[in-house]
Every structure is written in structure tokens, then in C-alpha cells.
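First comes the structure, then the notes that go with it.
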Amino acid sequence: MAELEGLEFGKSDFVLLDEVTMEQFMENLKLRFEKGRIYTYIGEVVVSVNPYRQMDIYGKDTIDAYRGRELYENPPHLYAVSDAAYKAMKRRAKDTCIVISGESGAGKTEASKYIMQYIAAITNPSQRAEVESVKNVLLKSNCVLEAFGNAKTNRNDNSSRFGKYMDINFNFNGDPTGGHINNYLLEKSRVVQQQDGERNFHSFYQLLRGGSDEMLESFHLQNDAAAYIYTREGAATSNNDRSSHKAVMNALGVIGFSEEEISSIYQILASILLLGNIQFESDGENVQVLGQEAVKHISELTSTDPDSVTKSLLFRTVATGGGEVIEKGHSEQDACFGRDAFAKALYERLFGWIVSRINSIIEVKDYNPVLHGKNTVIGVLDIYGFEIFDNNSFEQFCINYCNEKLQQLFIELILQQEQGEYQREGITWQHIDYFNNQIIVDLVEQPHKGIISILDEACLSVGKVTDTVCLDSMDTKLSQHPHYTSRKLSPTDKTMDFQKHFRIRHYAGDVTYSVEGFLDKNKDLLFQDFKRLMYNSSNPVLKEMWPDGQLSITEVTKRPLTAATLFKNSIVALVDKLACKEPYYVRCIKPNEMKSPVLLDDARCQHQVAYLGLLENVMVRRAGFAYRQPYARFLQRYKMTCEYTWPNHLMGSDREAVEAIVTQHGFQDDVAYGHTKLFVRTPRSLFSLEQERAALIPILVLFLQKVWRGALARSRCRRMRAVYTIMGVYKRFKVKAHFWEVERRFAGVRTTADYGKSVDWPTPPAALSQFHNITLSPAARWWARQIVKNIPPSDMLEVRAKVSALTALSGERKDWGVGRAWERDYLANVRDSPQTSSGFIRVSKELKNKDEFSQILFSGSCRKVNRFNRSTDRSLVVTDKYIYKLEPKKQYKVLKKVPLDSFTGVSVTSGVDQMVALHTSSQDDVLLCLQRGELSPNQDRVGELVGSLVDHFTRSVIHQHLAGIFQVALLSHLVNIVDSTKNTTALLCA
């Protein structure tokens with residue numbers, strides 16, 4: 001059973017109707033049609049209403065939704081039946097078939113296309129090339145057969161004028177490996193005559209309107225359907241013939257037709273069109289062809305001799321009893337009859353050849369079941385539906401007979417399936433009364449008494465037997481039959497004419513047939529001359545189509561079977577073929593005659609529902625039990641409605657759990673228990689279950705959402721914990737790995753010459769970046785310690801001074817004398833100032849005794865610059881207590897003495913000059929320029945002065961633990977670097 005849709009869409013299965021009446025059936029059908037639900041079930045039968053519009057229900061998402069699902073899991077759809085047939089074929093290795101029936105315009109051809117598309121979409125998941133090729137041929141064959149077998153009628157723009165049954169072969173994997181197409185009763189009379197408002201077969205108009213100018217010129221045609229008698233009736237209408245012609249040409253190439261074969265096909269079509277324009281004239285004795293140009297064109301297109309074509313049109317060659325061959329001339333009427341018969345036969349043979357050619361391409365060859373496994377089949381039957389026209393002729397008689405046979409098979413198989421299922425499940429079968437149309441089938445096909453036998457007998461009779469004589473014979477032999485009547489048997493029925501009409505009471509209603517033309521169409525005579533003409537063609541395709549033309553005139557052949565007998569035999573064979581398969585049905589309904597997507601004509605639809613036997617089908621389905629389902633599936637769907645089965649039961653079997661559900665809801669008297677299935681008699685019980693299930697689903701959904709969200713949250717929490725655990729372990733590993741790498745790289749640096757100076761530190765992990773930066777400082781101090789401890793004590797003062805200068809100047813002074821030895825006390829150095837050293841030594845001793853300083857930090861010659869930019873030679877002495885400015889020319893007389901503790905800073909330039917500004921707390925600053933020395937004029941002594949001062953004050957703070965704002969400020973701002981471009985006044989101000 002289908003998933004029950006909302007009540008606003010009606011009931012998705014007609015079996016679930018409260019009462020099986022035509023009114024309720026039509027009410028439900030109309031409601032679903034108005035809501036866009038064109039498919040409805042009757043058990044496993046799909047009722048399809050033609051929507052007359054494109055619907056977005058056939059895409060890839062829809063195919064995925066129905067693939068592998070059961071019928072009841074999704075709303076009704078063609079795909080559901082297609083999938084059920086495919087699953088039955090694949091799982092049980094059983095041949096299945098899908099029978100599509102309905103009247104012209106009900107959507108049978110479109111339904112068969114969607115079924116083929118679905119089967120093609122769900123097969124060959126591995127994309128094997130040979131399987132894809134078979135699928136392409138099967139799909140493209142629809143396009144070709146539509147072009148050559150369909151036509152526009154007053155009821156349908158794309159009406160199938162032939163019956164088609166296609167077998168699709170599948171291998172053990174369920175992939176299509178080939179197929180076979182059977183065609184039935186092509187309406188070849190349409191080639192030469194159509195009713196008002198209808199067209200010939202599509203192929204003619206596609207050639208005339210879609211063929212290129214070169215093609216039409218080579219075929220001696222013009223781009224005008226009205227120029228040809230056979231296509232003149234439908235010349236004013238168009239069905240996208242140009243684009244359709246391109247599609248057909250492409251399809252023929254994809255299927256495997258060669259260029260020569262495709263050309264031959266359209267040459268034959270052109271020949272038929274030209275043949276229809278041939279006219280005859282008679283002078284009383286002889287008949288002549290009007291205009292030989294058309295004959296020449298036909299002979300060229302058919303690769304025959306022009307004289308032979310003319311002779312076949314005007315004469316008939318016959319053999320006398322004595323073996324003598326004579327030529328018998330036609331009358332003008334016989335010539336026209338022969339021309340039209342030849343045109344119809346050409347098209348029929350062409351269509352049959354196209355079908356056989358497709359079969360030769362897609363048929364399974366060299367199949368070995370031992371090697372390849374069992375070959376299973378899905379059959380798809382798209383055949384004309386029951387037809388009732390104002391004028392019903394031989395074709396409608398055959399078509400309606402075919403529908404009688406299929407309806408008989410439908411009822412028998414439905415009953416047989418129902419009875420077989422009840423027997424398998426051990427359920428008592430209730431006999432159902434239904435209309436058995438076997439009596440109508442016998443009326444048509446019974447030997448010696450049936451209508452077909454009477455027609456054959458009339459055709460075989462010697463002498464002039466007319467349609468009227470045949471009707472009299474039927475009236476005589478069938479006068480007592482309850483389903484046959486005529487005007488002669490019912491004189492008061494004025495809807496029929498004497499000697500013209502007879503009526504059959506079919507299962508779908510009464511149909512009145514006109515007997516005119518019955519015998520000619522049944523004989524289906526074609527003069528042997530045309531057969532020999534085509535067989536002798538140099539075109540191999542034409543020659544292949546007419547194998548019976550090889551017989552000589554004098555050869556005695558068995559009388560060919562009549563058209564009705566051939567059709568009867570093919571339908572009997574078709575029914576036998578369908579009977580051995582598991583059938584699935586699609587019953588198509590045409591909602592209106594105006595092709596409107598919104599109108600549903602009650603009277604027309606009721607008529608179709610009646611003759612399709614849909615109500616009987618519902619009754620058969622409901623006669624025993626309306627609904628049946630395996631215990632496991634029933635339990636899975638309804639277990640939430642019973643406390644003993646939700647969420648899982650603890651009973652011995654699923655059947656016991658189902659019994660608990662049924663008992664709790666109190667409809668145990670409305671069910672029966674089979675071996676594997678539960679059978680529910682009335683839909684009311686099922687609806688009560690569905691309503692309770694629908695009420696519980698929101699609660700269960702919320703519960704499942706809560707549980708699922710909790711499960712997701714717990715899962716996320718576990719993942720986060722795992723992530724953090726992994727992160728922690730990984731971080732610890734990276735830390736250890738970093739330490740191991742540091743240890744490895746610096747393992748032997750104590751013994752290296754540079755103590756690891758050239759060793760690169762490994763890049764630390766993010767967690768150790770700060771620690772790494774902190775570690776660099778003690779490492780650098782250790783390296784410095786290793787370097788410093790090797791320096792002699794006598795050099796330590798110089799080293800400390802240079803380090804202090806480096807720190808103070810911060811790389812901003814270009815040259816500060818780091819590369820030379822620092823003498824510090826240059827005035828006492830004999831090498832630097834030999835003339836004055838002795839005098840300075842004497843003065844320095846006096847000052848040391850007087851001012852009690854312990855050492856000279858720096859001494860040297862300089863030039864003093866005042867604010868008026870005047871300079872004089874002076875000497876600068878910096879001790880640990882005072883800064884002295886001396887006059888070298890006056891025996892180093894002390895000109896100025898500044899206590900060192902009043903010293904606040906020093907300013908130097910960033911260039912190479914020797915300008916220095918000494919700042920004091922009393923604002924009595926000294927600006928001077930250090931002299932480079934007589935022996936070394938390139939010496940830079942600014943760095944030495946700065947380094948000596950900074951080193952002194954640094955050691956004073958650290959070692960003597962001086963405290964206070966002054967000392968801190970003194971160390972922080974002791975040295976000021978001034979841009980060398982500033983003038984002296986600016987430097988003094990700084």
C-alpha cells in the first residue's frame with residue numbers, strides 16, 4: 001500500500017475508499033487530479049491521468065527516492081511500479097512485464113518513455129560501455145518508432161498507430177544486455193487517407209520540413225506538404241517537425257544504422273510521396289500514366305527500371321492454369337487501387353524492416369546461461385486502447401478485439417494472483433462475481449463461428465463476394481449471440497443502417513462497425529508484380545524487404561493468411577507471452593478532449609473507468625481483504641501505536657507482536673492471519689491505525705530529535721576531549737622534542753672554539769616561544785662568561801668600557817673606536833703626547849693628593865668651544881670624583897673643576913666628529929671637541945670617554961648599591977645621541 005498522503009489529496013489507493021461506487025471513485029480521482037496527483041494505486045495497479053502539462057516529478061531526485069523502495073513507502077508513481085517489476089525480476093529471477101493500456105491520448109507512450117528512462121537510470125552502476133550502448137539503443141529506438149509509427153489524430157497529437165511490445169533482457173547483475181521489439185497492426189491505411197484534421201505519419205512531415213535543401217533536391221521533393229496528395233490533409237499543422245527530424249537522424253546513427261541505410265529509408269519515404277501524386281487517364285480501352293517524370297523519379301529512388309515501374313502500375317501479370325503467362329491491363333479504378341496498395345505495402349514493409357533492424361542490433365547473441373547466468377526479462381507493452389469513433393472500420397475492430405484479449409488476461413491474472421496469494425497464506429478465498437469477457441473473445445476468434453472466421457471464409461470464396469454478403473453471413477451465423485446485433489436483427493434500431501452496420505457489445509460498451517472495406521482490408525491484396533519489382537531492385541535494403549518477390553509467376557504458393565488472422569495469431573502469441581510473466585499494470589485515463597490541464601470530464605472519465613474495469617479491479621482487490629502486508633513491515637510501521645511493541649517487542653515472533661497491536665485497537669474481528677502476512681478486511685481499521693500513527697509521529701520525532709541531539713552533543717564532547725588529550729600529549733612531545741633537540745645541538749659547545757656561537761637554535765613550538773626568548777638571555781650570558789673569563793685582568797677595564805659604550809651608543813654612532821686599544825689616560829701617555837706627559841704627571845699627582853681621587857677615568861687634549869663659537873686648546877681630565885678642565889700652556893692650570901656627582905649626562909653626535917657636551921646639575925655645561933692625538937690622527941676617542949663614564953657609574957650603582965631617583969635617572973639618561981647635522985649651539989642646548 002502507498003504511503004498515505006494528507007486527506008487534502010484524497011486517498012492514494014482506491015482500495016481504501018469507504019464504498020466502491022462510481023461516484024466515490026470519480027470524486028477521489030477528480031480531487032487528486034486537481035491537486036496535481038496524477039497517479040493513484042489500485043493495489044499494485046497504477047491509474048494514471050494525463051496531466052497535459054510538464055510536471056517536475058521525473059528528475060534524478062525522484063528516481064533516487066523510488067529506487068529500491070517498496071510500493072507503500074512513497075506516493076503513487078510510475079517509478080514505483082517500474083522498481084517493483086525490476087526488483088521482482090532481479091531478486092526472484094522471474095520474468096515480469098508492465099502492461100500500459102488506455103485510449104488514444106491517455107498518455108501511454110509517455111508512460112512507456114518514463115518507465116524506460118527509470119530502468120535505464122537505475123541499471124549499470126559500474127558504467128560498463130557495452131551496457132550503456134544497449135541502454136542508448138533502447139532509449140533512442142522510442143524516438144525512431146514514434147516518428148514512423150505515430151501520427152496526429154483528432155484526439156492526440158502523438159497517437160501511436162501501432163502496438164508495441166518490448167522485451168528487455170537482463171543479466172544476473174540486473175544490467176540490460178539486449179532486447180526485442182514486436183510491433184502489431186500498423187495502421188497503414190493512414191498512408192493514403194486520413195480523416196479531416198488528422199495527419200499522415202510524422203516521418204513524412206519531418207522529411208519535408210526538416211530535410212536539408214540538398215536532400216530534398218536529391219529526392220525530387222519540395223518543402224511543401226500540401227504539394228503531395230498523401231500529406232495534403234495535415235499540411236497546415238506542425239509538430240516541431242524540423243527539430244524532430246534532427247533527433248530522428250541522430251537516433252538512427254546512435255542505434256547503428258549506416259549512412260546507406262538511412263538514405264534508403266528516406267528514399268522510400270520520398271518514393272511513397274511521389275507515388276501518391278501519380279494520376280491515370282483512360283481512353284476507354286487503355287489506361288495511361290499522366291506524366292512520366294514522376295515515374296522516372298520513383299524508379300531512380302527505388303533503383304528499378306522506369307519501364308518496369310510503369311508496367312507494374314498499369315498491368316497485372318497472371319499465370320493461367322496451363323502455365324501460360326498473360327498480362328492483364330488495369331482499369332483506372334484498379335490502377336488507383338494498386339497504386340495505393342503499393343504505397344501502403346511499401347510503408348508497412350519499411351516500418352517492419354526498421355523494427356527488425358533495431359532488433360538485430362539489440363538482440364542478445366551467443367548467450368550461454370551456463371557462463372552468463374540466467375537471463376531474465378522485463379516486458380513493456382504500449383498498445384492502442386479501446387476506440388469508439390463515429391465511423392469504426394476494420395482497424396477499430398482489430399484494436400478492440402486486442403483490448404478484449406488483454407482485458408481477459410488482466411481479470412484472469414488479477415484473480416489468479418489474489419487466489420494464489422490467499423492459498424499461499426492459508427486464507428479462505430471468497431468467490432467474486434465479475435464480468436467475464438470470454439464470450440466476446442469467442443465471438444471474434446472462435447473457429448468456424450467467429451467474425452474473423454466468417455471474414456476469412458468470405459475472402460476465400462470464389463466469385464464476387466461483397467461486404468454486404470459478408471454482413472448477411474454474420475447475421476445468419478451470429479443471430480443468437482447476445483453480444484452481436486445489426487439493423488437486420490434489430491429493425492427498430494435506427495442508429496444502424498441496413499446492409500452496412502453491425503454492433504458488438506464489448507466489455508467497454510457498444511461499438512457500431514461499418515462493414516464497408518472489411519473484405520479488402522482483410523485480404524490486404526498486393527499484386528505480385530510490385531513484389532517482384534522491389535525484389536529486383538539494386539538497392540539491398542529494398543531487396544531485403546521483399547523476399548517473397550523472388551517467386552516466379554508460375555510458382556504455386558499457398559494462399560497467404562488474411563490480415564485479421566495474422567493479427568489474431570500475433571495477439572494470441574502476445575497474450576501467451578504475457579501470461580507467463582508476472583504482470584504490473586498502468587491504466588491510463590484521458591481526462592478531457594480539449595487537452596486542458598485543469599478540466600476533468602466526468603462522463604468521459606466514467607466511460608474509461610468502466611471499460612478499463614477499474615471498479616471491478618477494486619472490488620476484486622477488496623473482495624477478500626483490502627490490505628495485506630508482511631508482519632515485519634506492518635510491525636515496523638505501526639509498532640509505535642502499542643505499548644507492548646514500542647520501541648522493540650519481547651515476544652516470540654513478529655506475528656505475536658502484530659496480534660498485540662490488533663488486539664489493543666480492538667479490530668481483531670476484521671483481520672486474518674496468514675503464514676507471513678496480516679490481512680485487513682476493511683479500510684476503516686487501517687485508517688484508525690494511520691490516524692493514531694499520525695498523531696504519535698510528532699511526539700516521536702521530538703523524542704528522536706532530543707535523543708539524537710544528545711547523542712550528537714555527547715559525541716562532540718568525546719571528540720573534544722579526545723582532541724584536547726591528543727593536543728596535550730602532542731604539546732608535551734613537542735616540548736620534550738625541543739629540549740632534546742637543544743641538548744643535541746649544544747652537547748659539545750664547551751669544547752668548540754666559539755662556544756656554540758655558530759650553532760642555530762631550533763625553532764621552538766608555540767607553547768615555548770616565551771620560554772625560548774627568556775632562555776636566550778642566560779645562554780648569551782653563559783657564552784659571554786666563557787669568553788670573558790679568558791680575558792686577562794689587565795684588559796678587563798677596557799673590555800667593560802667598550803661594552804658600556806656599545807650599550808650606551810646602541811649602534812647609533814658610526815665609529816666609536818672599538819677596533820683599537822683604549823689607553824684612557826692619554827695625557828700621561830708618552831707615546832701620545834711626549835712633550836707634555838711629564839708635566840701632566842706632576843700635576844695629576846698634586847691633584848690626586850689634594851682632591852683625594854683614586855683614579856683617572858679619562859684624560860686627553862681637546863678644544864673648548866664657547867657660545868660665541870670661539871675655540872681654545874684645553875685638556876680634559878675625568879677622575880672618579882671630579883672633572884677638570886686644564887690649561888696646557890700654563891702648566892696644566894686648573895681652569896674648572898666640576899664634582900662628578902653633579903654630572904648629569906653627556907651628549908655626543910652620531911657622526912665621526914669629536915664633539916662632546918658634558919652636562920651638570922648646575923647647568924654649567926662644557927662643550928668641547930676631543931683631539932685625536934698627534935701620532936694617531938684618525939682615532940675616535942668619544943666612544944672611549946662615553947664607555948669610561950658609563951662603566952664607572954654602572955659599577956658604582958651595582959657594587960656600592962647606590963639608591964635613589966638621581967642615580968636611576970643618571971643611568972637611564974647618561975648618554976644622549978644628537979644628530980650630527982645639528983650645529984654647535986643646538987648641541988650645547990641639548
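We name chains A, B, ... following the order of the C-alpha cells; residues begin at 1 in each chain, and ligands are numbered from 1 as shown.
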
Exercise for review: Find the spatial neighbours of A:Ile42, counting only C-alpha atoms, within a cut-off of 6 Å - ignore same-chain residues fewer than 3 positions away - and output them as number ranges by chain.
Suggested key: A: 13-15, 45

Contacts of stretch 919-947 of chain A with stretch 872-894 of chain A up to 12 Å, shortest pair per row, only C-alpha atoms, as CSV:
residue,atom,partner,partner_atom,distance
A:His919,CA,A:Ile883,CA,11.2
A:Thr920,CA,A:Ile883,CA,10.5
A:Asp925,CA,A:Ile883,CA,11.5
A:Val926,CA,A:Lys885,CA,9.2
A:Leu927,CA,A:Lys885,CA,11.1
A:Leu928,CA,A:Arg874,CA,8.8
A:Cys929,CA,A:Asp873,CA,9.5
A:Leu930,CA,A:Leu876,CA,8.5
A:Gln931,CA,A:Asp873,CA,9.4
A:Glu944,CA,A:Val878,CA,11.8
A:Leu945,CA,A:Val878,CA,8.7
A:Val946,CA,A:Val878,CA,11.0

Practice item. Rank A:Thr466, A:Thr376, A:Glu281, A:Pro482 by their smallest atom-to-atom distance to A:Lys87, using only C-alpha atoms, and report the top residue only. Key: A:Thr376

Review point. Got a sec: who's within 12 Å of A:Leu139, counting only C-alpha atoms, leaving out chain neighbours fewer than 4 positions off, as an MDAnalysis selection string?
Key: chainID A and resid 112:121 132:135 143:146 166 168 176 178:179 248 251:252 254:255 358 362

Exercise for review: Within 8 Å of A:Asn286, counting only C-alpha atoms, which residues show up once you throw out same-chain ones fewer than 2 positions away? Write them as an NGL selection string, please.
Suggested key: :A and (282-284 or 288 or 329 or 331)

Restricting it to N, CA, C and O atoms, dump the selection as a short mmCIF file (atom, residue, chain, number, x, y, z; two decimals), in the first residue's frame.
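The result, written out as part.cif:
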data_model
loop_
_atom_site.label_atom_id
_atom_site.label_comp_id
_atom_site.auth_asym_id
_atom_site.auth_seq_id
_atom_site.Cartn_x
_atom_site.Cartn_y
_atom_site.Cartn_z
N SER A 282 -7.87 7.27 -68.83
CA SER A 282 -8.32 6.15 -69.66
C SER A 282 -9.00 6.69 -70.92
O SER A 282 -9.75 7.67 -70.86
N ASP A 283 -8.69 6.02 -72.04
CA ASP A 283 -9.35 6.40 -73.30
C ASP A 283 -10.47 5.45 -73.65
O ASP A 283 -10.93 5.38 -74.78
N GLY A 284 -10.91 4.68 -72.66
CA GLY A 284 -11.98 3.71 -72.88
C GLY A 284 -11.46 2.30 -72.92
O GLY A 284 -12.14 1.37 -72.48
N GLN A 288 -3.40 5.02 -69.12
CA GLN A 288 -2.06 5.56 -69.23
C GLN A 288 -1.71 6.35 -67.96
O GLN A 288 -2.59 6.87 -67.26
N GLY A 329 -4.45 -5.82 -68.28
CA GLY A 329 -4.43 -4.39 -68.03
C GLY A 329 -5.42 -3.98 -66.95
O GLY A 329 -6.48 -4.59 -66.77
N SER A 331 -8.04 -1.38 -64.99
CA SER A 331 -8.93 -0.25 -65.22
C SER A 331 -8.37 0.94 -64.44
O SER A 331 -7.46 0.80 -63.63
#

Practice item. Fewer than 5 positions away in the same chain doesn't count, so skip those; otherwise give me all residues within 10 Å of A:Val609, counting only C-alpha atoms, as a PyMOL selection string. Key: chain A and resi 22+25-26+47+102+508+587-589+603-604+614-616

Filtering to all heavy atoms, could you give me those residues as a compact mmCIF listing (two decimals), in the first residue's frame?
# COMPACT_ATOMS: atom_id res chain seq x y z
N MET A 22 -19.05 4.21 -8.31
CA MET A 22 -18.51 5.08 -9.35
C MET A 22 -18.41 6.52 -8.85
O MET A 22 -17.47 7.25 -9.18
CB MET A 22 -19.37 5.00 -10.61
CG MET A 22 -18.89 5.88 -11.75
SD MET A 22 -17.24 5.44 -12.36
CE MET A 22 -17.65 3.98 -13.33
N PHE A 25 -15.40 6.80 -6.57
CA PHE A 25 -14.20 6.62 -7.38
C PHE A 25 -13.88 7.90 -8.14
O PHE A 25 -12.74 8.38 -8.13
CB PHE A 25 -14.43 5.46 -8.35
CG PHE A 25 -13.18 5.02 -9.07
CD1 PHE A 25 -12.47 3.90 -8.64
CD2 PHE A 25 -12.70 5.70 -10.17
CE1 PHE A 25 -11.32 3.49 -9.28
CE2 PHE A 25 -11.56 5.31 -10.84
CZ PHE A 25 -10.86 4.19 -10.39
N MET A 26 -14.90 8.48 -8.79
CA MET A 26 -14.68 9.68 -9.58
C MET A 26 -14.37 10.88 -8.68
O MET A 26 -13.54 11.74 -9.04
CB MET A 26 -15.92 9.98 -10.43
CG MET A 26 -16.14 9.00 -11.58
SD MET A 26 -14.69 8.91 -12.67
CE MET A 26 -14.53 10.61 -13.15
N VAL A 47 -3.16 3.80 -11.69
CA VAL A 47 -4.09 4.54 -12.54
C VAL A 47 -3.46 5.89 -12.81
O VAL A 47 -3.15 6.65 -11.90
CB VAL A 47 -5.46 4.70 -11.85
CG1 VAL A 47 -6.39 5.52 -12.74
CG2 VAL A 47 -6.06 3.34 -11.54
N GLY A 102 -5.00 2.03 -22.28
CA GLY A 102 -5.79 3.25 -22.23
C GLY A 102 -6.08 3.71 -23.65
O GLY A 102 -5.46 3.26 -24.61
N ALA A 508 -16.35 -2.72 -22.81
CA ALA A 508 -16.26 -1.28 -22.59
C ALA A 508 -17.46 -0.53 -23.15
O ALA A 508 -17.49 0.70 -23.08
CB ALA A 508 -14.98 -0.76 -23.25
N ARG A 587 -2.85 1.82 -15.98
CA ARG A 587 -4.12 2.09 -16.66
C ARG A 587 -4.22 3.61 -16.86
O ARG A 587 -4.34 4.38 -15.89
CB ARG A 587 -5.30 1.58 -15.84
CG ARG A 587 -5.15 0.15 -15.35
CD ARG A 587 -5.15 -0.83 -16.50
NE ARG A 587 -6.37 -1.62 -16.54
CZ ARG A 587 -6.67 -2.47 -17.50
NH1 ARG A 587 -5.84 -2.61 -18.51
NH2 ARG A 587 -7.77 -3.16 -17.47
N CYS A 588 -4.16 4.03 -18.11
CA CYS A 588 -4.12 5.46 -18.44
C CYS A 588 -5.51 5.99 -18.75
O CYS A 588 -6.30 5.33 -19.45
CB CYS A 588 -3.18 5.70 -19.62
SG CYS A 588 -1.47 5.20 -19.31
N ILE A 589 -5.79 7.19 -18.25
CA ILE A 589 -7.10 7.81 -18.44
C ILE A 589 -6.90 9.18 -19.09
O ILE A 589 -6.02 9.96 -18.68
CB ILE A 589 -7.84 7.97 -17.09
CG1 ILE A 589 -8.22 6.59 -16.55
CG2 ILE A 589 -9.07 8.85 -17.24
CD1 ILE A 589 -8.92 6.63 -15.21
N ALA A 603 -18.16 12.49 -17.46
CA ALA A 603 -18.78 11.47 -18.31
C ALA A 603 -17.71 10.68 -19.08
O ALA A 603 -17.76 9.45 -19.14
CB ALA A 603 -19.76 12.14 -19.28
N ARG A 604 -16.75 11.40 -19.65
CA ARG A 604 -15.69 10.71 -20.43
C ARG A 604 -14.86 9.82 -19.52
O ARG A 604 -14.53 8.70 -19.87
CB ARG A 604 -14.82 11.77 -21.12
CG ARG A 604 -13.51 11.23 -21.62
CD ARG A 604 -12.88 12.10 -22.66
NE ARG A 604 -13.42 11.79 -23.97
CZ ARG A 604 -13.12 10.69 -24.64
NH1 ARG A 604 -12.36 9.78 -24.11
NH2 ARG A 604 -13.62 10.48 -25.84
N LEU A 614 -11.84 -0.74 -13.93
CA LEU A 614 -11.14 -0.34 -12.71
C LEU A 614 -11.97 -0.61 -11.47
O LEU A 614 -11.44 -1.00 -10.43
CB LEU A 614 -10.77 1.15 -12.80
CG LEU A 614 -9.85 1.54 -13.96
CD1 LEU A 614 -9.48 3.01 -13.88
CD2 LEU A 614 -8.61 0.66 -13.99
N LEU A 615 -13.29 -0.38 -11.56
CA LEU A 615 -14.13 -0.68 -10.40
C LEU A 615 -14.10 -2.16 -10.07
O LEU A 615 -14.03 -2.56 -8.90
CB LEU A 615 -15.58 -0.22 -10.66
CG LEU A 615 -15.88 1.27 -10.42
CD1 LEU A 615 -17.34 1.54 -10.71
CD2 LEU A 615 -15.54 1.65 -8.99
N GLU A 616 -14.17 -2.99 -11.12
CA GLU A 616 -14.08 -4.44 -10.89
C GLU A 616 -12.74 -4.80 -10.26
O GLU A 616 -12.67 -5.68 -9.39
CB GLU A 616 -14.25 -5.20 -12.21
CG GLU A 616 -15.66 -5.17 -12.79
CD GLU A 616 -15.92 -3.92 -13.60
OE1 GLU A 616 -15.07 -3.01 -13.58
OE2 GLU A 616 -16.98 -3.84 -14.25

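Across the model, the gap from atom CA of A:Thr476 to atom CA of A:Thr495 is 20.4 Å.
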
Check your understanding: Could you pull the residues within 10 Å of A:Trp761, counting only C-alpha atoms, minus those fewer than 5 positions along the same chain, as a PyMOL selection string?
Key -> chain A and resi 738+741-742+745-746+756+772+776

Practice item. Give me, please, the distance in Å between atom CA of A:Ala88 and atom CA of A:Ile378, quoted to one decimal. Key: 9.7 Å

**Study point:** Residues near A:Trp782, cut-off 12 Å, only C-alpha atoms, skip fewer than 3 positions along chain, as a ChimeraX atom specification
**Key:** /A:749-750,755-757,775-779,785-789

Exercise for review: Would you please give, as a PyMOL selection string, all residues of stretch 774-974 of chain A that DSSP assigns to alpha helix (DSSP H) based on the backbone?
Suggested key: chain A and resi 774-788+796-809+837-851+942-960+965-972

File dump, residues just selected, C-alpha atoms, as a tab-separated table (two decimals), in the first residue's frame:
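Below is the file out29.tsv, written as the result:
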chain	number	residue	atom	x	y	z
A	774	ILE	CA	63.90	34.09	28.09
A	775	THR	CA	66.35	31.24	27.63
A	776	LEU	CA	68.38	33.13	25.06
A	777	SER	CA	69.49	35.68	27.68
A	778	PRO	CA	71.19	33.27	30.17
A	779	ALA	CA	72.61	31.37	27.24
A	780	ALA	CA	74.10	34.54	25.90
A	781	ARG	CA	75.41	35.42	29.36
A	782	TRP	CA	76.96	31.99	29.67
A	783	TRP	CA	78.62	32.38	26.29
A	784	ALA	CA	79.84	35.83	27.33
A	785	ARG	CA	81.12	34.44	30.58
A	786	GLN	CA	83.07	31.79	28.70
A	787	ILE	CA	84.62	34.47	26.56
A	788	VAL	CA	85.24	36.95	29.38
A	796	MET	CA	89.03	43.99	31.91
A	797	LEU	CA	88.73	47.75	32.39
A	798	GLU	CA	89.00	48.26	28.65
A	799	VAL	CA	86.54	45.44	27.94
A	800	ARG	CA	84.00	46.83	30.39
A	801	ALA	CA	84.35	50.27	28.94
A	802	LYS	CA	83.81	49.05	25.41
A	803	VAL	CA	80.78	47.01	26.49
A	804	SER	CA	79.36	50.05	28.23
A	805	ALA	CA	79.99	52.20	25.14
A	806	LEU	CA	78.34	49.61	22.94
A	807	THR	CA	75.30	49.59	25.20
A	808	ALA	CA	75.11	53.35	25.53
A	809	LEU	CA	75.63	54.25	21.92
A	837	SER	CA	103.37	63.95	29.62
A	838	SER	CA	105.93	64.71	32.31
A	839	GLY	CA	104.23	67.96	33.24
A	840	PHE	CA	100.81	66.40	33.38
A	841	ILE	CA	102.03	63.53	35.53
A	842	ARG	CA	103.32	66.01	38.07
A	843	VAL	CA	100.07	67.99	38.07
A	844	SER	CA	97.90	64.87	38.29
A	845	LYS	CA	99.80	63.73	41.38
A	846	GLU	CA	99.24	67.11	43.02
A	847	LEU	CA	95.53	66.99	42.22
A	848	LYS	CA	95.26	63.43	43.45
A	849	ASN	CA	96.84	64.37	46.77
A	850	LYS	CA	94.75	67.48	47.03
A	851	ASP	CA	91.32	66.14	45.94
A	942	VAL	CA	84.34	59.86	22.00
A	943	GLY	CA	83.38	56.21	22.46
A	944	GLU	CA	86.19	55.73	24.95
A	945	LEU	CA	85.05	58.74	27.03
A	946	VAL	CA	81.41	57.58	26.97
A	947	GLY	CA	82.36	53.99	27.80
A	948	SER	CA	84.56	55.04	30.74
A	949	LEU	CA	81.83	57.24	32.25
A	950	VAL	CA	79.03	54.66	31.77
A	951	ASP	CA	81.19	51.84	33.15
A	952	HIS	CA	82.12	53.93	36.20
A	953	PHE	CA	78.58	54.89	37.05
A	954	THR	CA	77.27	51.36	36.36
A	955	ARG	CA	79.80	49.81	38.77
A	956	SER	CA	79.08	52.49	41.33
A	957	VAL	CA	75.34	51.65	41.31
A	958	ILE	CA	75.77	47.87	41.31
A	959	HIS	CA	78.69	47.45	43.68
A	960	GLN	CA	78.06	50.30	46.10
A	965	ILE	CA	65.96	58.72	41.79
A	966	PHE	CA	69.13	60.57	40.84
A	967	GLN	CA	71.21	57.52	40.26
A	968	VAL	CA	68.48	55.71	38.33
A	969	ALA	CA	67.88	58.73	36.15
A	970	LEU	CA	71.59	59.16	35.74
A	971	LEU	CA	71.99	55.64	34.37
A	972	SER	CA	68.86	55.91	32.19

Study note, to complete from the structure: The distance between atom CA of A:Val81 and atom CA of A:Leu381 is 13.8 Å
